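Okay, upload-v6.cif now, which holds mmCIF, C-alpha atoms (C1' of nucleotides):
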data_final
loop_
_atom_site.label_atom_id
_atom_site.label_comp_id
_atom_site.auth_asym_id
_atom_site.auth_seq_id
_atom_site.Cartn_x
_atom_site.Cartn_y
_atom_site.Cartn_z
CA MET H 1 9.92 -34.56 9.20
CA SER H 2 12.71 -32.73 7.44
CA GLU H 3 10.87 -33.13 4.16
CA LYS H 4 8.61 -30.30 5.16
CA ARG H 5 11.65 -28.11 5.74
CA ASN H 6 13.20 -29.10 2.44
CA LYS H 7 10.05 -28.15 0.60
CA ILE H 8 9.71 -24.69 2.02
CA PHE H 9 13.39 -23.87 1.55
CA LYS H 10 13.12 -25.03 -2.04
CA ALA H 11 9.96 -23.02 -2.48
CA ILE H 12 11.45 -19.74 -1.34
CA ALA H 13 14.68 -20.28 -3.28
CA ASP H 14 13.20 -18.99 -6.51
CA PRO H 15 12.66 -15.22 -6.81
CA THR H 16 9.57 -15.62 -8.97
CA ARG H 17 8.07 -17.92 -6.37
CA ARG H 18 8.83 -15.43 -3.62
CA GLU H 19 7.12 -12.75 -5.66
CA ILE H 20 4.07 -14.92 -6.26
CA PHE H 21 3.85 -15.51 -2.54
CA HIS H 22 4.29 -11.80 -1.93
CA VAL H 23 1.51 -10.89 -4.32
CA LEU H 24 -0.80 -13.40 -2.70
CA VAL H 25 -0.07 -12.08 0.76
CA ILE H 26 -0.89 -8.55 -0.34
CA ASP H 27 -3.84 -9.38 -2.53
CA SER H 28 -5.56 -12.62 -1.64
CA ALA H 29 -7.40 -14.24 -3.12
CA LEU H 30 -6.62 -14.30 -6.81
CA SER H 31 -7.47 -16.84 -9.44
CA ILE H 32 -4.56 -18.43 -11.26
CA SER H 33 -5.31 -16.44 -14.40
CA GLN H 34 -5.55 -13.17 -12.51
CA LEU H 35 -2.29 -13.95 -10.78
CA SER H 36 -0.60 -14.84 -14.05
CA THR H 37 -1.27 -11.44 -15.58
CA GLN H 38 1.12 -9.93 -13.05
CA PHE H 39 4.05 -12.00 -14.30
CA ASP H 40 5.99 -12.19 -17.52
CA ILE H 41 5.89 -15.97 -17.68
CA SER H 42 3.03 -18.07 -19.00
CA ARG H 43 0.04 -19.23 -16.98
CA GLN H 44 1.42 -22.76 -16.97
CA GLY H 45 4.70 -21.41 -15.71
CA VAL H 46 2.90 -19.76 -12.82
CA THR H 47 0.92 -22.94 -12.22
CA LYS H 48 4.14 -24.91 -11.84
CA HIS H 49 5.41 -22.46 -9.26
CA LEU H 50 2.09 -22.60 -7.46
CA LYS H 51 2.35 -26.37 -7.26
CA LEU H 52 5.63 -26.12 -5.34
CA LEU H 53 4.26 -23.37 -3.11
CA GLU H 54 1.21 -25.48 -2.41
CA GLU H 55 3.33 -28.52 -1.52
CA ALA H 56 5.28 -26.30 0.84
CA LYS H 57 1.98 -25.25 2.42
CA MET H 58 2.77 -21.63 1.63
CA VAL H 59 -0.27 -21.32 -0.62
CA ASN H 60 -3.74 -22.81 -0.41
CA ILE H 61 -5.83 -23.23 -3.53
CA GLN H 62 -9.53 -23.91 -3.68
CA ALA H 63 -11.74 -24.37 -6.69
CA LYS H 64 -14.74 -22.12 -7.18
CA GLY H 65 -16.57 -22.82 -10.39
CA ARG H 66 -14.10 -23.02 -13.21
CA GLU H 67 -11.60 -20.88 -11.33
CA ARG H 68 -9.10 -21.79 -8.63
CA TYR H 69 -8.41 -19.17 -6.04
CA CYS H 70 -5.03 -18.94 -4.36
CA GLU H 71 -4.25 -17.50 -0.98
CA ALA H 72 -1.01 -17.28 0.95
CA SER H 73 -0.65 -19.18 4.18
CA LEU H 74 1.61 -17.28 6.55
CA ASP H 75 1.86 -20.12 9.04
CA ALA H 76 4.26 -22.01 6.80
CA LEU H 77 6.89 -19.36 7.52
CA GLN H 78 7.13 -20.68 11.06
CA GLU H 79 9.29 -23.50 9.72
CA ILE H 80 11.87 -20.95 8.59
CA LYS H 81 11.71 -19.13 11.88
CA ASN H 82 12.31 -22.41 13.68
CA TRP H 83 15.37 -23.04 11.57
CA LEU H 84 16.69 -19.56 12.27
CA SER H 85 15.98 -19.69 15.98
CA PHE H 86 18.56 -22.41 16.50
CA TYR H 87 21.28 -20.00 15.43
CA ASP H 88 20.07 -17.18 17.63
CA VAL H 89 21.76 -18.90 20.55
CA PHE H 90 25.11 -18.74 18.83
CA TRP H 91 24.46 -15.21 17.71
CA ASP H 92 23.76 -14.15 21.27
CA ASP H 93 26.86 -15.95 22.49
CA LYS H 94 29.00 -13.99 20.07
CA LEU H 95 27.37 -10.73 21.06
CA LYS H 96 27.93 -11.62 24.68
CA ALA H 97 31.56 -12.46 23.96
CA LEU H 98 31.90 -9.12 22.21
CA GLY H 99 30.32 -7.41 25.17
CA ASP H 100 32.75 -9.10 27.57
CA HIS H 101 35.59 -8.10 25.33
CA LEU H 102 34.45 -4.50 25.28
CA ASP H 103 34.09 -4.56 29.06
CA GLN H 104 37.71 -5.60 29.38
CA MET H 105 38.77 -2.60 27.34
CA THR H 106 37.35 -0.09 29.78
CA MET M 107 20.41 -5.23 -3.59
CA SER M 108 18.17 -8.21 -4.24
CA GLU M 109 21.13 -10.16 -5.58
CA LYS M 110 22.33 -10.62 -2.03
CA ARG M 111 18.92 -11.98 -1.09
CA ASN M 112 18.86 -14.34 -4.06
CA LYS M 113 22.23 -15.75 -3.12
CA ILE M 114 21.37 -16.55 0.46
CA PHE M 115 18.02 -18.08 -0.44
CA LYS M 116 19.79 -20.23 -3.02
CA ALA M 117 22.43 -21.13 -0.49
CA ILE M 118 20.02 -22.41 2.12
CA ALA M 119 17.86 -24.22 -0.43
CA ASP M 120 20.11 -27.26 -0.48
CA PRO M 121 19.97 -29.57 2.55
CA THR M 122 23.65 -30.50 2.30
CA ARG M 123 24.55 -26.82 2.30
CA ARG M 124 22.39 -26.21 5.35
CA GLU M 125 24.15 -29.07 7.09
CA ILE M 126 27.59 -27.74 6.16
CA PHE M 127 26.58 -24.40 7.60
CA HIS M 128 25.24 -26.12 10.68
CA VAL M 129 28.46 -28.03 11.23
CA LEU M 130 30.49 -24.86 10.86
CA VAL M 131 28.34 -23.00 13.35
CA ILE M 132 28.81 -25.75 15.90
CA ASP M 133 32.43 -26.48 15.22
CA SER M 134 34.33 -23.58 13.70
CA ALA M 135 36.83 -23.51 12.35
CA LEU M 136 37.43 -26.54 10.21
CA SER M 137 39.64 -27.01 7.19
CA ILE M 138 37.94 -28.10 3.99
CA SER M 139 39.34 -31.61 4.31
CA GLN M 140 38.27 -31.93 7.91
CA LEU M 141 34.83 -30.70 6.98
CA SER M 142 34.59 -33.12 4.06
CA THR M 143 35.09 -36.16 6.26
CA GLN M 144 31.70 -35.45 7.83
CA PHE M 145 29.85 -35.80 4.54
CA ASP M 146 29.25 -38.61 2.11
CA ILE M 147 30.13 -36.55 -0.93
CA SER M 148 33.64 -35.90 -2.21
CA ARG M 149 35.89 -33.06 -1.07
CA GLN M 150 35.31 -31.27 -4.36
CA GLY M 151 31.62 -31.62 -3.86
CA VAL M 152 31.91 -29.94 -0.48
CA THR M 153 34.15 -27.27 -2.00
CA LYS M 154 31.45 -26.44 -4.52
CA HIS M 155 28.89 -26.02 -1.77
CA LEU M 156 31.33 -23.88 0.18
CA LYS M 157 31.73 -21.61 -2.81
CA LEU M 158 28.00 -20.85 -2.84
CA LEU M 159 27.95 -20.39 0.92
CA GLU M 160 30.89 -18.04 0.68
CA GLU M 161 29.22 -16.00 -2.05
CA ALA M 162 26.16 -15.75 0.16
CA LYS M 163 28.44 -14.46 2.96
CA MET M 164 27.29 -17.33 5.16
CA VAL M 165 30.80 -18.73 5.39
CA ASN M 166 34.19 -17.05 5.56
CA ILE M 167 37.29 -18.92 4.43
CA GLN M 168 40.86 -17.96 5.14
CA ALA M 169 44.05 -19.68 4.07
CA LYS M 170 46.52 -20.81 6.70
CA GLY M 171 49.47 -22.61 5.24
CA ARG M 172 48.25 -25.19 2.79
CA GLU M 173 44.89 -25.39 4.50
CA ARG M 174 41.81 -23.21 4.23
CA TYR M 175 39.76 -22.78 7.34
CA CYS M 176 36.02 -22.20 7.14
CA GLU M 177 33.84 -20.47 9.66
CA ALA M 178 30.16 -19.67 9.63
CA SER M 179 29.03 -16.08 9.60
CA LEU M 180 25.75 -15.71 11.44
CA ASP M 181 25.18 -12.15 10.33
CA ALA M 182 24.13 -13.29 6.87
CA LEU M 183 20.98 -14.75 8.39
CA GLN M 184 19.74 -11.22 9.00
CA GLU M 185 18.77 -11.06 5.33
CA ILE M 186 16.33 -13.92 5.87
CA LYS M 187 14.96 -12.30 8.99
CA ASN M 188 14.40 -9.10 7.07
CA TRP M 189 12.47 -10.99 4.44
CA LEU M 190 10.35 -12.68 7.09
CA SER M 191 9.70 -9.52 9.05
CA PHE M 192 7.66 -8.04 6.23
CA TYR M 193 5.10 -10.79 6.66
CA ASP M 194 4.88 -10.42 10.42
CA VAL M 195 2.64 -7.43 9.86
CA PHE M 196 0.13 -9.51 7.97
CA TRP M 197 0.42 -12.28 10.44
CA ASP M 198 -0.37 -9.89 13.27
CA ASP M 199 -3.28 -8.43 11.31
CA LYS M 200 -4.77 -11.86 10.94
CA LEU M 201 -4.32 -12.61 14.60
CA LYS M 202 -5.92 -9.30 15.43
CA ALA M 203 -8.80 -10.03 13.09
CA LEU M 204 -9.21 -13.38 14.76
CA GLY M 205 -9.18 -11.67 18.13
CA ASP M 206 -11.88 -9.23 17.05
CA HIS M 207 -13.91 -12.11 15.71
CA LEU M 208 -13.64 -13.97 19.00
CA ASP M 209 -14.64 -10.83 20.88
CA GLN M 210 -17.81 -10.61 18.84
CA MET M 211 -18.70 -14.13 19.86
CA THR M 212 -18.86 -13.31 23.53
"C1'" DT J 213 65.33 -33.70 -1.19
"C1'" DT J 214 61.67 -36.71 -1.32
"C1'" DT J 215 57.12 -37.72 -0.08
"C1'" DA J 216 52.55 -36.94 1.57
"C1'" DT J 217 48.76 -33.77 2.21
"C1'" DA J 218 45.52 -29.90 1.10
"C1'" DT J 219 43.81 -27.69 -2.28
"C1'" DG J 220 42.11 -25.61 -7.01
"C1'" DC J 221 40.79 -26.22 -11.66
"C1'" DA J 222 38.67 -28.37 -15.65
"C1'" DA J 223 35.98 -31.70 -17.96
"C1'" DC J 224 32.33 -34.47 -17.68
"C1'" DA J 225 27.54 -36.62 -16.66
"C1'" DA J 226 23.00 -37.26 -14.64
"C1'" DA J 227 19.20 -35.15 -12.78
"C1'" DA J 228 16.51 -31.23 -11.49
"C1'" DT J 229 14.71 -26.70 -12.67
"C1'" DG J 230 12.22 -23.23 -15.09
"C1'" DG J 231 10.23 -22.40 -18.87
"C1'" DT J 232 7.56 -23.29 -23.30
"C1'" DT J 233 3.64 -25.01 -26.57
"C1'" DG J 234 -0.27 -27.87 -27.80
"C1'" DC J 235 -4.34 -30.00 -26.61
"C1'" DG J 236 -8.30 -31.66 -24.00
"C1'" DT J 237 -11.99 -30.65 -20.70
"C1'" DA J 238 -15.14 -28.38 -17.64
"C1'" DT J 239 -17.66 -24.40 -16.58
"C1'" DG J 240 -19.93 -19.89 -17.42
"C1'" DA J 241 -21.92 -16.63 -20.68
"C1'" DA J 242 -24.54 -15.41 -25.11
"C1'" DT T 243 -26.71 -24.91 -28.03
"C1'" DT T 244 -22.69 -22.44 -29.05
"C1'" DC T 245 -18.73 -19.93 -27.79
"C1'" DA T 246 -15.25 -18.22 -24.72
"C1'" DT T 247 -12.69 -18.75 -20.55
"C1'" DA T 248 -10.04 -21.19 -16.82
"C1'" DC T 249 -7.69 -24.74 -16.12
"C1'" DG T 250 -4.80 -29.43 -16.05
"C1'" DC T 251 -1.79 -32.53 -18.31
"C1'" DA T 252 1.96 -34.04 -21.16
"C1'" DA T 253 5.77 -33.44 -24.09
"C1'" DC T 254 9.55 -30.98 -24.92
"C1'" DC T 255 13.79 -27.93 -24.40
"C1'" DA T 256 17.66 -25.17 -22.47
"C1'" DT T 257 20.09 -24.26 -18.47
"C1'" DT T 258 21.49 -25.02 -13.84
"C1'" DT T 259 22.58 -27.97 -10.20
"C1'" DT T 260 24.93 -31.53 -7.95
"C1'" DG T 261 27.88 -34.60 -8.16
"C1'" DT T 262 32.04 -37.13 -10.14
"C1'" DT T 263 37.17 -38.07 -11.65
"C1'" DG T 264 41.76 -36.74 -13.11
"C1'" DC T 265 45.48 -33.80 -12.77
"C1'" DA T 266 48.46 -29.91 -11.39
"C1'" DT T 267 50.43 -27.18 -7.64
"C1'" DA T 268 51.78 -25.51 -3.17
"C1'" DT T 269 53.03 -26.48 1.40
"C1'" DA T 270 54.39 -29.43 5.34
"C1'" DA T 271 56.75 -33.44 7.01
"C1'" DA T 272 60.34 -37.25 6.71
#
Just give me the structure as structure tokens.
Amino acid sequence: MSEKRNKIFKAIADPTRREIFHVLVIDSALSISQLSTQFDISRQGVTKHLKLLEEAKMVNIQAKGRERYCEASLDALQEIKNWLSFYDVFWDDKLKALGDHLDQMT
Amino acid sequence: MSEKRNKIFKAIADPTRREIFHVLVIDSALSISQLSTQFDISRQGVTKHLKLLEEAKMVNIQAKGRERYCEASLDALQEIKNWLSFYDVFWDDKLKALGDHLDQMT
DNA sequence: TTTATATGCAACAAAATGGTTGCGTATGAA
DNA sequence: TTCATACGCAACCATTTTGTTGCATATAAA
């Protein structure tokens, strides 16, 4: 479904969300409170961002006692790579066309 | 600068914008009016999307007579690839760790 | 010249976004 | 048990986003 794609593109659109993801890739796993200390916004602000990241499958959260630990899920990025890969064909075509053009100049 | 990155991530966040880009990759170059016929929103709506795409360097527009022709610029996608490439390292690490783990099982 | 087309600009409106604060609850520590 | 911590939920608010319509202008066509 394209809904999955929409969600991840929405998720990475916000710079704070990209930074949260970045932090979690580097330093997993962190509780929500621990994570929040690294940002200027409130814990609830971070929680809201986490919700979107979680819906986009970019972050997994699991409860442990009274804390909830977050970890980044790299696999979700495949959706973006898939989107990009479609355009590689056209990119290559243009490079090829440029190559042909350069060949003609010799 | 990160402003460039912000702009392209914003640009691709909207599904209509992604579709406009897609159409322009397939069928460049189209005038704004021609392009608009392919979407349910108004011409001005499309123009607004084009403005963001242009600022993100994903689309180039040049006037020809009373028309303005739009074409997609694939190069802008490199910014997204750059962002993704950082995480490839971690991805590989995890695969490697998985590999090591599987080795231990034999 | 007159008319039709392609466009930009501005004002507007509804909805989404990104953030806040306050409060209630569950869990861990003293 | 009592207190502090980690969290979710809901209400609220300002700004941005995504769309609209109306109108003015420049260019092409009749």
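Non-sequential neighbours of DT247 of chain T (distance at most 9 Å, separation of 4 or more positions within a chain, all atoms listed in the file) are Arg66 of chain H; DT239 and DG240 of chain J.
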Exercise: residues within 10 Å of coordinate (49.0, -21.3, 4.0), counting all atoms listed in the file, as a list of chain:residue names: M:Gln168, M:Ala169, M:Lys170, M:Gly171, M:Arg172, M:Glu173, M:Arg174, M:Tyr175, J:DA218, T:DA268, T:DT269, T:DA270
Contacts from chain M to chain T, 10 Å maximum, all atoms listed in the file: show me the residue list as a ChimeraX atom specification. /M:120,147-148,150-152,154-155,171-173
Sorted by chain and rising residue number, list the residues of chain H at most 8 Å from chain M (counting only C-alpha atoms), each with its closest atom pair and distance in Å to one decimal, as a tab-separated table.
residue	atom	partner	partner_atom	distance
H:Asn6	CA	M:Pro121	CA	6.8
H:Phe9	CA	M:Ala119	CA	4.9
H:Lys10	CA	M:Ala119	CA	5.1
H:Ile12	CA	M:Phe115	CA	6.8
H:Ala13	CA	M:Phe115	CA	4.9
H:Asp14	CA	M:Lys116	CA	7.6
H:Pro15	CA	M:Asn112	CA	6.8
H:Val25	CA	M:Phe196	CA	7.7
H:Leu74	CA	M:Trp197	CA	6.4
H:Leu77	CA	M:Leu190	CA	7.5
H:Leu84	CA	M:Leu183	CA	7.5
H:Tyr87	CA	M:Leu180	CA	7.4
H:Phe90	CA	M:Val131	CA	7.7
H:Trp91	CA	M:Leu180	CA	6.4
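Residue membership of the PyMOL selection byres ((chain J) within 12 of (chain H)) in the shown file amounts to DA228, DT229, DG230, DG231, DT232, DT233, DT237, DA238, DT239 and DG240 of chain J.
Reported to one decimal place, the separation of atom CA of Lys57 of chain H from atom CA of Leu156 of chain M is 29.5 Å.
Straight-line separation from atom CA of Leu30 of chain H to atom CA of Glu71 of chain H: 7.1 Å.
Taking atom CA of Phe145 of chain M and atom CA of Leu159 of chain M as endpoints, the distance between them is 15.9 Å.
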